[in-house]
file input13.txt (compact mmCIF, C-alpha atoms)
# COMPACT_ATOMS: atom_id res chain seq x y z
CA LEU U 1 146.13 119.03 96.46
CA ILE U 2 144.99 122.40 97.81
CA PHE U 3 143.52 120.81 100.92
CA PHE U 4 146.63 118.69 101.47
CA PHE U 5 148.81 121.79 101.20
CA ARG U 6 146.55 123.64 103.62
CA GLY U 7 146.87 120.83 106.17
CA PHE U 8 150.63 120.70 105.70
CA ILE U 9 151.00 124.41 106.34
CA MET U 10 148.86 124.19 109.44
CA SER U 11 150.95 121.32 110.78
CA ILE U 12 154.27 123.13 110.51
CA CYS U 13 153.11 126.58 111.57
CA SER U 14 152.82 127.51 115.22
CA LYS U 15 149.55 128.97 116.41
CA THR U 16 150.53 132.49 115.55
CA HIS U 17 149.30 135.29 113.37
CA LEU U 18 151.67 134.01 110.66
CA CYS U 19 149.91 130.68 110.62
CA TYR U 20 146.54 132.39 110.39
CA ILE U 21 147.68 134.59 107.50
CA VAL U 22 149.06 131.60 105.60
CA PHE U 23 145.85 129.68 106.25
CA LEU U 24 143.76 132.54 104.85
CA GLY U 25 145.98 132.79 101.81
CA VAL U 26 145.73 129.10 101.00
CA SER U 27 141.97 129.17 101.60
CA ALA U 28 141.62 132.10 99.21
CA LEU U 29 143.70 130.23 96.62
CA ALA U 30 141.49 127.18 97.00
CA LEU U 31 138.35 129.28 96.61
CA GLN U 32 139.71 131.14 93.59
CA THR U 33 140.88 127.91 91.93
CA SER U 34 137.55 126.22 92.58
CA THR U 35 135.53 129.19 91.33
CA THR U 36 137.61 129.64 88.19
CA SER U 37 137.57 125.96 87.28
CA LEU U 38 133.77 125.85 87.46
CA CYS U 39 132.92 129.14 85.72
CA PRO U 40 131.52 128.70 82.19
CA PRO U 41 134.30 130.51 80.25
CA ALA U 42 137.01 128.47 81.97
CA ARG U 43 135.10 125.27 81.29
CA LEU U 44 134.72 126.23 77.62
CA ARG U 45 138.43 126.90 77.35
CA GLU U 46 139.13 123.46 78.82
CA LEU U 47 136.85 121.90 76.23
CA LEU U 48 138.50 123.80 73.36
CA ASP U 49 141.92 122.58 74.49
CA GLN U 50 140.60 119.05 74.84
CA TYR U 51 139.03 118.93 71.38
CA ALA U 52 142.02 120.58 69.73
CA ASP U 53 144.02 117.44 70.58
CA PRO U 54 144.71 115.55 67.31
CA SER U 55 143.97 112.26 69.08
CA VAL U 56 140.35 113.31 69.58
CA GLU U 57 138.43 112.14 66.52
CA MET U 58 135.55 114.63 66.53
CA PRO U 59 135.15 118.36 67.17
CA LEU U 60 133.16 119.72 70.09
CA LEU U 61 129.53 119.23 69.02
CA LEU U 62 127.15 122.14 69.58
CA PRO U 63 123.48 121.29 69.06
CA CYS U 64 121.94 124.74 69.16
CA CYS U 65 119.23 125.73 71.65
CA TYR U 66 116.93 128.73 71.78
CA ASP U 67 114.92 128.50 75.02
CA GLY U 68 114.83 126.79 78.39
CA LEU U 69 113.28 123.58 77.09
CA THR U 70 115.78 123.01 74.28
CA ALA U 71 118.59 123.84 76.71
CA ARG U 72 117.30 121.13 79.06
CA LEU U 73 117.06 118.64 76.21
CA VAL U 74 120.65 119.30 75.13
CA THR U 75 121.93 118.73 78.66
CA ARG U 76 119.78 115.64 79.20
CA ALA U 77 121.23 114.20 75.97
CA GLY U 78 124.70 114.47 77.47
CA PHE U 79 126.25 117.25 75.38
CA GLU U 80 129.08 119.22 76.97
CA ALA U 81 128.34 122.48 75.17
CA THR U 82 125.67 124.25 73.17
CA PHE U 83 125.15 127.42 71.15
CA MET U 84 122.31 129.89 71.58
CA THR U 85 121.06 130.33 68.04
CA GLY U 86 119.70 133.72 67.07
CA PHE U 87 117.80 132.01 64.25
CA GLY U 88 115.95 129.90 66.80
CA VAL U 89 115.41 132.73 69.29
CA SER U 90 113.86 134.78 66.49
CA ALA U 91 111.78 131.87 65.21
CA VAL U 92 110.11 131.06 68.52
CA ARG U 93 109.12 134.72 68.76
CA GLY U 94 107.51 134.47 65.34
CA HIS U 95 110.20 136.30 63.36
CA PRO U 96 112.83 135.51 60.73
CA ASP U 97 116.48 135.91 61.68
CA THR U 98 116.78 139.50 60.46
CA GLN U 99 117.55 141.25 63.77
CA LEU U 100 113.91 142.00 64.49
CA VAL U 101 114.62 140.65 67.96
CA SER U 102 116.11 143.23 70.33
CA SER U 103 119.15 143.02 72.56
CA SER U 104 116.97 142.77 75.67
CA GLU U 105 114.99 139.89 74.14
CA MET U 106 118.22 138.06 73.39
CA MET U 107 119.41 138.59 76.95
CA ASN U 108 116.13 137.27 78.28
CA SER U 109 116.57 134.14 76.17
CA ALA U 110 120.12 133.74 77.47
CA LEU U 111 118.85 133.79 81.04
CA GLN U 112 116.20 131.18 80.22
CA ILE U 113 118.80 129.01 78.54
CA ALA U 114 121.25 129.35 81.43
CA GLU U 115 118.54 128.31 83.88
CA GLY U 116 117.53 125.36 81.70
CA LEU U 117 121.13 124.17 81.41
CA GLN U 118 121.70 124.54 85.15
CA SER U 119 118.52 122.78 86.24
CA ALA U 120 119.04 119.83 83.91
CA SER U 121 122.70 119.52 84.90
CA LEU U 122 121.71 119.34 88.56
CA GLU U 123 119.13 116.67 87.80
CA MET U 124 121.59 114.64 85.74
CA GLN U 125 124.43 115.28 88.21
CA ASN U 126 126.61 116.35 85.30
CA VAL U 127 129.17 119.09 84.90
CA PRO U 128 127.03 122.02 83.67
CA THR U 129 126.69 122.30 79.90
CA VAL U 130 128.27 125.55 78.71
CA CYS U 131 126.73 127.87 76.14
CA ILE U 132 128.09 130.26 73.51
CA ALA U 133 125.63 133.13 72.97
CA ASP U 134 124.79 134.83 69.69
CA GLY U 135 125.75 138.49 70.11
CA ASP U 136 124.86 139.39 66.52
CA THR U 137 126.53 142.72 65.61
CA GLY U 138 126.72 143.86 69.24
CA TYR U 139 123.55 145.95 68.80
CA GLY U 140 125.23 149.26 68.03
CA ASN U 141 128.73 150.71 68.06
CA ALA U 142 131.81 149.38 69.86
CA VAL U 143 130.50 150.61 73.22
CA ASN U 144 127.29 148.64 72.67
CA VAL U 145 129.44 145.59 71.89
CA LYS U 146 131.15 145.89 75.27
CA ARG U 147 127.80 146.14 77.06
CA THR U 148 126.61 143.06 75.17
CA ILE U 149 129.61 141.04 76.39
CA TRP U 150 129.09 142.14 80.00
CA ASN U 151 125.39 141.35 79.85
CA TYR U 152 126.04 137.86 78.53
CA ALA U 153 128.68 137.38 81.23
CA ARG U 154 126.11 138.20 83.89
CA ALA U 155 123.73 135.75 82.22
CA GLY U 156 126.26 132.93 82.66
CA MET U 157 127.31 132.54 79.04
CA ALA U 158 130.66 130.85 78.38
CA GLY U 159 131.27 132.69 75.13
CA THR U 160 129.75 135.29 72.83
CA MET U 161 129.80 135.55 69.05
CA ILE U 162 130.21 138.97 67.42
CA GLU U 163 129.96 139.38 63.65
CA ASP U 164 130.77 141.94 60.96
CA GLN U 165 127.45 142.30 59.15
CA VAL U 166 125.76 145.65 58.63
CA GLN U 167 122.80 146.25 60.93
CA PRO U 168 120.16 144.93 60.74
CA LYS U 169 121.95 141.64 60.17
CA ARG U 170 120.40 138.44 58.87
CA CYS U 171 121.03 134.72 58.73
CA GLY U 172 124.32 134.11 56.95
CA HIS U 173 122.79 131.58 54.58
CA VAL U 174 120.17 133.88 53.01
CA ALA U 175 120.43 136.55 50.35
CA GLY U 176 120.84 140.26 50.97
CA LYS U 177 123.55 140.44 53.61
CA SER U 178 126.36 142.99 53.63
CA VAL U 179 129.32 143.71 55.90
CA VAL U 180 130.85 146.75 57.53
CA SER U 181 134.36 147.95 56.68
CA GLN U 182 137.30 145.92 57.87
CA ALA U 183 138.28 148.68 60.31
CA GLU U 184 134.83 148.73 61.92
CA ALA U 185 134.73 144.94 62.06
CA VAL U 186 138.08 144.81 63.87
CA SER U 187 136.91 147.58 66.21
CA ARG U 188 133.93 145.46 67.24
CA ILE U 189 136.13 142.49 68.04
CA GLN U 190 138.68 144.63 69.87
CA ALA U 191 135.91 146.08 72.02
CA ALA U 192 134.53 142.61 72.73
CA CYS U 193 137.96 141.32 73.79
CA GLU U 194 138.57 144.31 76.02
CA ALA U 195 135.15 143.81 77.64
CA ARG U 196 136.07 140.18 78.28
CA ASP U 197 139.31 141.21 79.97
CA GLU U 198 137.72 144.05 81.93
CA TYR U 199 135.14 141.65 83.31
CA GLU U 200 137.90 139.39 84.60
CA GLN U 201 139.73 142.36 86.14
CA ALA U 202 136.54 143.45 87.87
CA TYR U 203 135.37 140.11 89.21
CA GLY U 204 138.41 137.83 89.25
CA VAL U 205 136.86 135.21 86.95
CA PRO U 206 137.13 134.98 83.16
CA GLY U 207 134.67 136.86 80.98
CA PRO U 208 132.96 135.15 78.03
CA LEU U 209 135.33 133.89 75.37
CA ILE U 210 135.01 135.81 72.10
CA LEU U 211 133.95 134.04 68.90
CA ALA U 212 134.67 136.39 65.98
CA ARG U 213 132.60 135.80 62.85
CA THR U 214 132.96 137.17 59.35
CA ASP U 215 130.36 137.06 56.58
CA SER U 216 132.72 138.73 54.11
CA LEU U 217 133.44 135.56 52.12
CA LYS U 218 130.17 136.03 50.22
CA THR U 219 130.53 139.77 49.73
CA ASP U 220 134.29 140.32 49.34
CA GLY U 221 135.91 136.94 48.64
CA MET U 222 138.23 134.58 50.47
CA GLU U 223 141.28 136.84 50.62
CA GLU U 224 139.39 139.58 52.43
CA ALA U 225 137.70 137.05 54.72
CA LEU U 226 141.07 135.63 55.72
CA ARG U 227 142.48 139.12 56.31
CA ARG U 228 139.60 139.91 58.63
CA LEU U 229 139.90 136.65 60.52
CA GLN U 230 143.64 137.18 60.98
CA LYS U 231 143.06 140.69 62.30
CA PHE U 232 140.39 139.34 64.64
CA ARG U 233 142.99 136.95 66.03
CA GLU U 234 145.47 139.78 66.41
CA ALA U 235 142.82 141.75 68.29
CA GLY U 236 142.61 138.90 70.80
CA CYS U 237 139.58 136.79 69.91
CA ASP U 238 139.53 133.25 71.29
CA MET U 239 137.73 131.52 68.40
CA THR U 240 136.87 132.31 64.77
CA PHE U 241 134.00 131.51 62.46
CA LEU U 242 134.03 131.83 58.67
CA GLU U 243 130.33 131.89 57.77
CA ALA U 244 128.95 130.07 54.73
CA PRO U 245 131.96 128.62 52.89
CA GLN U 246 130.48 126.96 49.81
CA SER U 247 133.16 124.42 48.99
CA LEU U 248 135.41 121.92 50.69
CA GLU U 249 138.38 123.89 49.33
CA ASP U 250 137.19 127.05 51.10
CA MET U 251 136.83 125.13 54.36
CA GLN U 252 140.30 123.65 54.05
CA THR U 253 141.85 127.04 53.20
CA TYR U 254 140.25 128.65 56.25
CA CYS U 255 141.45 125.92 58.58
CA SER U 256 144.99 125.92 57.21
CA GLU U 257 145.43 129.71 57.19
CA ILE U 258 143.85 130.79 60.49
CA SER U 259 145.13 129.77 63.90
CA GLY U 260 143.13 128.88 66.97
CA PRO U 261 139.77 127.16 67.53
CA LYS U 262 137.44 127.28 64.52
CA LEU U 263 133.69 126.74 64.18
CA ALA U 264 131.86 124.89 61.41
CA ASN U 265 128.16 125.64 60.83
CA MET U 266 126.18 122.63 59.61
CA ILE U 267 122.77 123.53 58.17
CA PHE U 268 121.13 120.44 56.73
CA GLN U 269 118.82 120.39 53.69
CA GLY U 270 119.54 123.70 52.03
CA GLY U 271 122.43 125.45 53.78
CA LEU U 272 125.29 126.83 51.70
CA THR U 273 128.12 124.95 53.42
CA PRO U 274 128.94 121.34 52.46
CA ILE U 275 127.69 118.90 55.09
CA LEU U 276 130.54 116.83 56.46
CA SER U 277 130.65 114.26 59.22
CA PRO U 278 132.14 115.31 62.56
CA GLN U 279 135.17 113.15 61.84
CA GLU U 280 135.72 114.85 58.47
CA LEU U 281 135.38 118.29 60.04
CA LYS U 282 137.98 117.42 62.66
CA ARG U 283 140.41 116.10 60.03
CA ILE U 284 140.13 119.40 58.13
CA GLY U 285 140.92 121.36 61.26
CA TYR U 286 137.64 122.41 62.89
CA THR U 287 137.46 122.46 66.68
CA MET U 288 133.68 122.96 66.97
CA ALA U 289 130.66 121.97 64.90
CA ALA U 290 127.35 123.80 65.39
CA TYR U 291 123.95 122.51 64.30
CA PRO U 292 121.90 125.73 64.42
CA ILE U 293 118.45 124.67 63.23
CA THR U 294 118.35 120.90 63.79
CA LEU U 295 116.18 121.04 66.92
CA LEU U 296 114.04 123.81 65.50
CA SER U 297 113.41 122.13 62.14
CA ALA U 298 112.78 118.75 63.81
CA SER U 299 110.16 120.33 66.07
CA ILE U 300 108.52 122.13 63.12
CA LYS U 301 108.21 118.84 61.25
CA ALA U 302 106.70 117.07 64.25
CA MET U 303 104.29 119.89 65.05
CA GLU U 304 103.10 120.31 61.46
CA GLU U 305 102.42 116.60 61.17
CA SER U 306 100.62 116.60 64.50
CA LEU U 307 98.42 119.50 63.39
CA VAL U 308 97.51 117.74 60.13
CA ARG U 309 96.50 114.62 62.01
CA LEU U 310 94.54 116.54 64.64
CA LYS U 311 92.64 118.36 61.91
CA GLN U 312 91.83 115.04 60.27
CA GLY U 313 90.82 113.46 63.56
CA HIS U 314 93.73 110.98 63.53
CA SER U 315 95.96 109.79 66.37
CA THR U 316 99.29 111.48 67.12
CA ASP U 317 100.49 108.86 69.60
CA ASP U 318 103.45 107.79 67.46
CA LEU U 319 104.65 111.41 67.26
CA THR U 320 104.60 112.17 70.97
CA VAL U 321 106.19 110.97 74.19
CA SER U 322 104.05 109.94 77.13
CA PHE U 323 102.68 112.50 79.56
CA ALA U 324 104.95 111.02 82.22
CA ASP U 325 108.00 111.55 80.01
CA THR U 326 106.85 115.07 79.16
CA LYS U 327 106.57 115.95 82.84
CA ASP U 328 110.03 114.55 83.49
CA VAL U 329 111.62 116.49 80.60
CA VAL U 330 110.22 119.83 81.76
CA GLY U 331 111.34 119.24 85.35
CA PHE U 332 108.40 117.94 87.37
CA THR U 333 110.40 115.00 88.73
CA GLN U 334 113.13 117.22 90.12
CA TYR U 335 110.59 119.74 91.40
CA SER U 336 108.65 117.09 93.29
CA GLY U 337 111.83 115.86 94.95
CA GLN U 338 112.81 119.34 96.02
CA GLU U 339 109.28 120.08 97.21
CA SER U 340 109.31 116.98 99.42
CA ARG U 341 112.73 117.82 100.82
CA TYR U 342 111.69 121.26 102.02
CA ARG U 343 108.12 120.46 103.04
CA VAL U 344 107.22 121.80 106.45
CA GLU U 345 104.98 119.49 108.45
call {"tool": "encode", "arguments": {"input": "input13.txt", "output": "structure tokens"}}
result
Amino acid sequence: LIFFFRGFIMSICSKTHLCYIVFLGVSALALQTSTTSLCPPARLRELLDQYADPSVEMPLLLPCCYDGLTARLVTRAGFEATFMTGFGVSAVRGHPDTQLVSSSEMMNSALQIAEGLQSASLEMQNVPTVCIADGDTGYGNAVNVKRTIWNYARAGMAGTMIEDQVQPKRCGHVAGKSVVSQAEAVSRIQAACEARDEYEQAYGVPGPLILARTDSLKTDGMEEALRRLQKFREAGCDMTFLEAPQSLEDMQTYCSEISGPKLANMIFQGGLTPILSPQELKRIGYTMAAYPITLLSASIKAMEESLVRLKQGHSTDDLTVSFADTKDVVGFTQYSGQESRYRVE
């Protein structure tokens, strides 16, 4: 439509400065529209609108990644979106999810993930898979929160989650967590939303969408959790996340009382939240369903079994893919094609 309009304007304008000005204006509009429609936050917003439609039977599925390889696997499997799990990022560095990993380490992981998503999308000729990053507590005060949002924007993240735990935070499904005051929690989300908007004002493209999380259900009860989530919405967040509801009733209450896109967190085999099918989650009112440790726990199981067999001198062939498939997954096929294309004789 943009290109048709451009041609129409050119056909009716004489070859004057006016025609040239109009042409530049339409070209700029085309460029801005194209850029905005392809940027990760805009793509994520499109997906949220799409999966909010009652006629869509499942929520947006987010298998969680934690490095470049898992990002590539998610894209190669055909998923439209993913979530960068802080649990996984910590685990592959040899740590539990207790904020032992620094802000700079998280940013480095985000860059690796963004590159993995991009490279696999190019190979598959798919629309790039978008990623929501784990921003933890924002790594300091409200000013640190704003810097976190800008850093994730520069890393190509479509969204960023900010939560209300006391630092150092920990996985929401383990004991010992606590939350900051409601006022401080809202201040974090307000700062994140303002950073999102300031990024758009500065660069003309949307900043990362803000996913506001509360862990206060465990510490302060459902009424306080709902109050916080409502204030997060009033502060301007794009999505909300009630961490670790322990009953179907809690999940239903959250979905009925809080507006906007909502995230469910499905931790199999030991998580606190009831495991529901994607269809059941959508019927309750969830827009997104994250699977934070599925890839990590699956890889642990496979690696532990492989190590047992290696130690016993047994074959691991049934646990592994071929060397050819391994090379393809990590990108050798695409690399060889690009190498041939640019080879200088």
call {"tool": "closest_atom_pairs", "arguments": {"input": "input13.txt", "of": "region 214-264 of chain U", "to": "region 175-193 of chain U", "cutoff": "8 Å", "atoms": "all atoms listed in the file", "output": "Markdown table"}}
result
| residue | atom | partner | partner_atom | distance |
| --- | --- | --- | --- | --- |
| U:Asp215 | CA | U:Val179 | CA | 6.8 |
| U:Ser216 | CA | U:Val179 | CA | 6.3 |
| U:Thr219 | CA | U:Ser178 | CA | 6.6 |
| U:Arg228 | CA | U:Gln182 | CA | 6.5 |
| U:Lys231 | CA | U:Val186 | CA | 6.7 |
| U:Phe232 | CA | U:Val186 | CA | 6.0 |
| U:Ala235 | CA | U:Gln190 | CA | 5.3 |
| U:Gly236 | CA | U:Cys193 | CA | 6.0 |
| U:Cys237 | CA | U:Cys193 | CA | 6.2 |
call {"tool": "atom_distance", "arguments": {"input": "input13.txt", "atom1": "CA of Met161 (chain U)", "atom2": "CA of Asp134 (chain U)"}}
result
5.1 Å
call {"tool": "closest_residue", "arguments": {"input": "input13.txt", "among": "U:Ile258, U:Val56, U:Leu44, U:Ile113", "to": "Leu73 (chain U)", "atoms": "only C-alpha atoms"}}
result
U:Ile113
call {"tool": "residues_around", "arguments": {"input": "input13.txt", "residues": "region 199-202 of chain U", "least_positions_apart": "5", "cutoff": "10 Å", "atoms": "all atoms listed in the file", "output": "PyMOL selection string"}}
result
chain U and resi 146+149-150+153-154+193-194+207-208
call {"tool": "closest_residue", "arguments": {"input": "input13.txt", "among": "U:Glu80, U:Glu280, U:Glu163, U:Glu46", "to": "Thr129 (chain U)", "atoms": "all atoms listed in the file"}}
result
U:Glu80
call {"tool": "decode", "arguments": {"input": "input13.txt", "residues": "region 233-245 of chain U", "atoms": "all heavy atoms", "output": "JSON list (two decimals), in the first residue's frame"}}
result
[["chain", "number", "residue", "atom", "x", "y", "z"],
["U", 233, "ARG", "N", -0.38, -2.08, 36.62],
["U", 233, "ARG", "CA", -1.12, -1.74, 35.39],
["U", 233, "ARG", "C", -1.34, -0.23, 35.30],
["U", 233, "ARG", "O", -1.19, 0.37, 34.23],
["U", 233, "ARG", "CB", -2.47, -2.47, 35.37],
["U", 233, "ARG", "CG", -2.37, -3.96, 35.13],
["U", 233, "ARG", "CD", -1.93, -4.29, 33.72],
["U", 233, "ARG", "NE", -2.98, -3.99, 32.76],
["U", 233, "ARG", "CZ", -2.81, -3.87, 31.44],
["U", 233, "ARG", "NH1", -1.60, -3.98, 30.93],
["U", 233, "ARG", "NH2", -3.82, -3.62, 30.64],
["U", 234, "GLU", "N", -1.67, 0.37, 36.42],
["U", 234, "GLU", "CA", -1.88, 1.82, 36.43],
["U", 234, "GLU", "C", -0.59, 2.57, 36.13],
["U", 234, "GLU", "O", -0.62, 3.65, 35.54],
["U", 234, "GLU", "CB", -2.43, 2.25, 37.79],
["U", 234, "GLU", "CG", -3.86, 1.74, 38.05],
["U", 234, "GLU", "CD", -4.30, 1.96, 39.49],
["U", 234, "GLU", "OE1", -3.49, 2.52, 40.28],
["U", 234, "GLU", "OE2", -5.43, 1.54, 39.85],
["U", 235, "ALA", "N", 0.53, 1.98, 36.49],
["U", 235, "ALA", "CA", 1.84, 2.60, 36.21],
["U", 235, "ALA", "C", 2.22, 2.46, 34.74],
["U", 235, "ALA", "O", 3.17, 3.12, 34.30],
["U", 235, "ALA", "CB", 2.91, 1.98, 37.10],
["U", 236, "GLY", "N", 1.53, 1.58, 34.00],
["U", 236, "GLY", "CA", 1.75, 1.50, 32.57],
["U", 236, "GLY", "C", 2.36, 0.21, 32.05],
["U", 236, "GLY", "O", 2.74, 0.14, 30.87],
["U", 237, "CYS", "N", 2.47, -0.82, 32.89],
["U", 237, "CYS", "CA", 3.08, -2.06, 32.40],
["U", 237, "CYS", "C", 2.21, -2.69, 31.31],
["U", 237, "CYS", "O", 0.99, -2.51, 31.27],
["U", 237, "CYS", "CB", 3.31, -3.05, 33.54],
["U", 237, "CYS", "SG", 1.85, -3.92, 34.12],
["U", 238, "ASP", "N", 2.84, -3.45, 30.44],
["U", 238, "ASP", "CA", 2.15, -4.06, 29.29],
["U", 238, "ASP", "C", 1.60, -5.43, 29.61],
["U", 238, "ASP", "O", 0.62, -5.87, 29.01],
["U", 238, "ASP", "CB", 3.13, -4.17, 28.12],
["U", 238, "ASP", "CG", 3.73, -2.85, 27.74],
["U", 238, "ASP", "OD1", 3.03, -2.07, 27.08],
["U", 238, "ASP", "OD2", 4.90, -2.58, 28.12],
["U", 239, "MET", "N", 2.24, -6.14, 30.54],
["U", 239, "MET", "CA", 1.88, -7.52, 30.89],
["U", 239, "MET", "C", 2.09, -7.70, 32.39],
["U", 239, "MET", "O", 2.90, -6.98, 32.98],
["U", 239, "MET", "CB", 2.78, -8.52, 30.14],
["U", 239, "MET", "CG", 2.87, -8.31, 28.64],
["U", 239, "MET", "SD", 4.30, -9.19, 27.91],
["U", 239, "MET", "CE", 5.66, -8.05, 28.30],
["U", 240, "THR", "N", 1.40, -8.67, 32.98],
["U", 240, "THR", "CA", 1.60, -8.96, 34.40],
["U", 240, "THR", "C", 1.87, -10.45, 34.62],
["U", 240, "THR", "O", 1.54, -11.29, 33.78],
["U", 240, "THR", "CB", 0.38, -8.55, 35.26],
["U", 240, "THR", "OG1", -0.78, -9.26, 34.80],
["U", 240, "THR", "CG2", 0.14, -7.05, 35.19],
["U", 241, "PHE", "N", 2.45, -10.72, 35.78],
["U", 241, "PHE", "CA", 2.81, -12.09, 36.13],
["U", 241, "PHE", "C", 2.66, -12.26, 37.63],
["U", 241, "PHE", "O", 3.40, -11.67, 38.41],
["U", 241, "PHE", "CB", 4.25, -12.34, 35.67],
["U", 241, "PHE", "CG", 4.86, -13.65, 36.11],
["U", 241, "PHE", "CD1", 4.08, -14.77, 36.40],
["U", 241, "PHE", "CD2", 6.24, -13.77, 36.24],
["U", 241, "PHE", "CE1", 4.65, -15.97, 36.79],
["U", 241, "PHE", "CE2", 6.83, -14.95, 36.62],
["U", 241, "PHE", "CZ", 6.03, -16.06, 36.91],
["U", 242, "LEU", "N", 1.69, -13.06, 38.04],
["U", 242, "LEU", "CA", 1.53, -13.46, 39.44],
["U", 242, "LEU", "C", 2.32, -14.74, 39.63],
["U", 242, "LEU", "O", 1.96, -15.80, 39.12],
["U", 242, "LEU", "CB", 0.05, -13.70, 39.77],
["U", 242, "LEU", "CG", -0.25, -14.26, 41.16],
["U", 242, "LEU", "CD1", 0.14, -13.25, 42.25],
["U", 242, "LEU", "CD2", -1.71, -14.65, 41.29],
["U", 243, "GLU", "N", 3.43, -14.65, 40.37],
["U", 243, "GLU", "CA", 4.30, -15.81, 40.54],
["U", 243, "GLU", "C", 3.77, -16.76, 41.60],
["U", 243, "GLU", "O", 3.28, -16.36, 42.66],
["U", 243, "GLU", "CB", 5.71, -15.34, 40.93],
["U", 243, "GLU", "CG", 6.70, -16.45, 41.27],
["U", 243, "GLU", "CD", 7.01, -17.39, 40.12],
["U", 243, "GLU", "OE1", 6.05, -18.03, 39.61],
["U", 243, "GLU", "OE2", 8.19, -17.52, 39.74],
["U", 244, "ALA", "N", 3.83, -18.05, 41.25],
["U", 244, "ALA", "CA", 3.59, -19.17, 42.16],
["U", 244, "ALA", "C", 2.21, -19.23, 42.81],
["U", 244, "ALA", "O", 2.10, -19.48, 44.01],
["U", 244, "ALA", "CB", 4.67, -19.20, 43.24],
["U", 245, "PRO", "N", 1.11, -19.04, 42.04],
["U", 245, "PRO", "CA", -0.20, -19.36, 42.62],
["U", 245, "PRO", "C", -0.26, -20.87, 42.86],
["U", 245, "PRO", "O", 0.20, -21.66, 42.04],
["U", 245, "PRO", "CB", -1.18, -18.92, 41.53],
["U", 245, "PRO", "CG", -0.40, -18.97, 40.26],
["U", 245, "PRO", "CD", 1.01, -18.62, 40.64]]
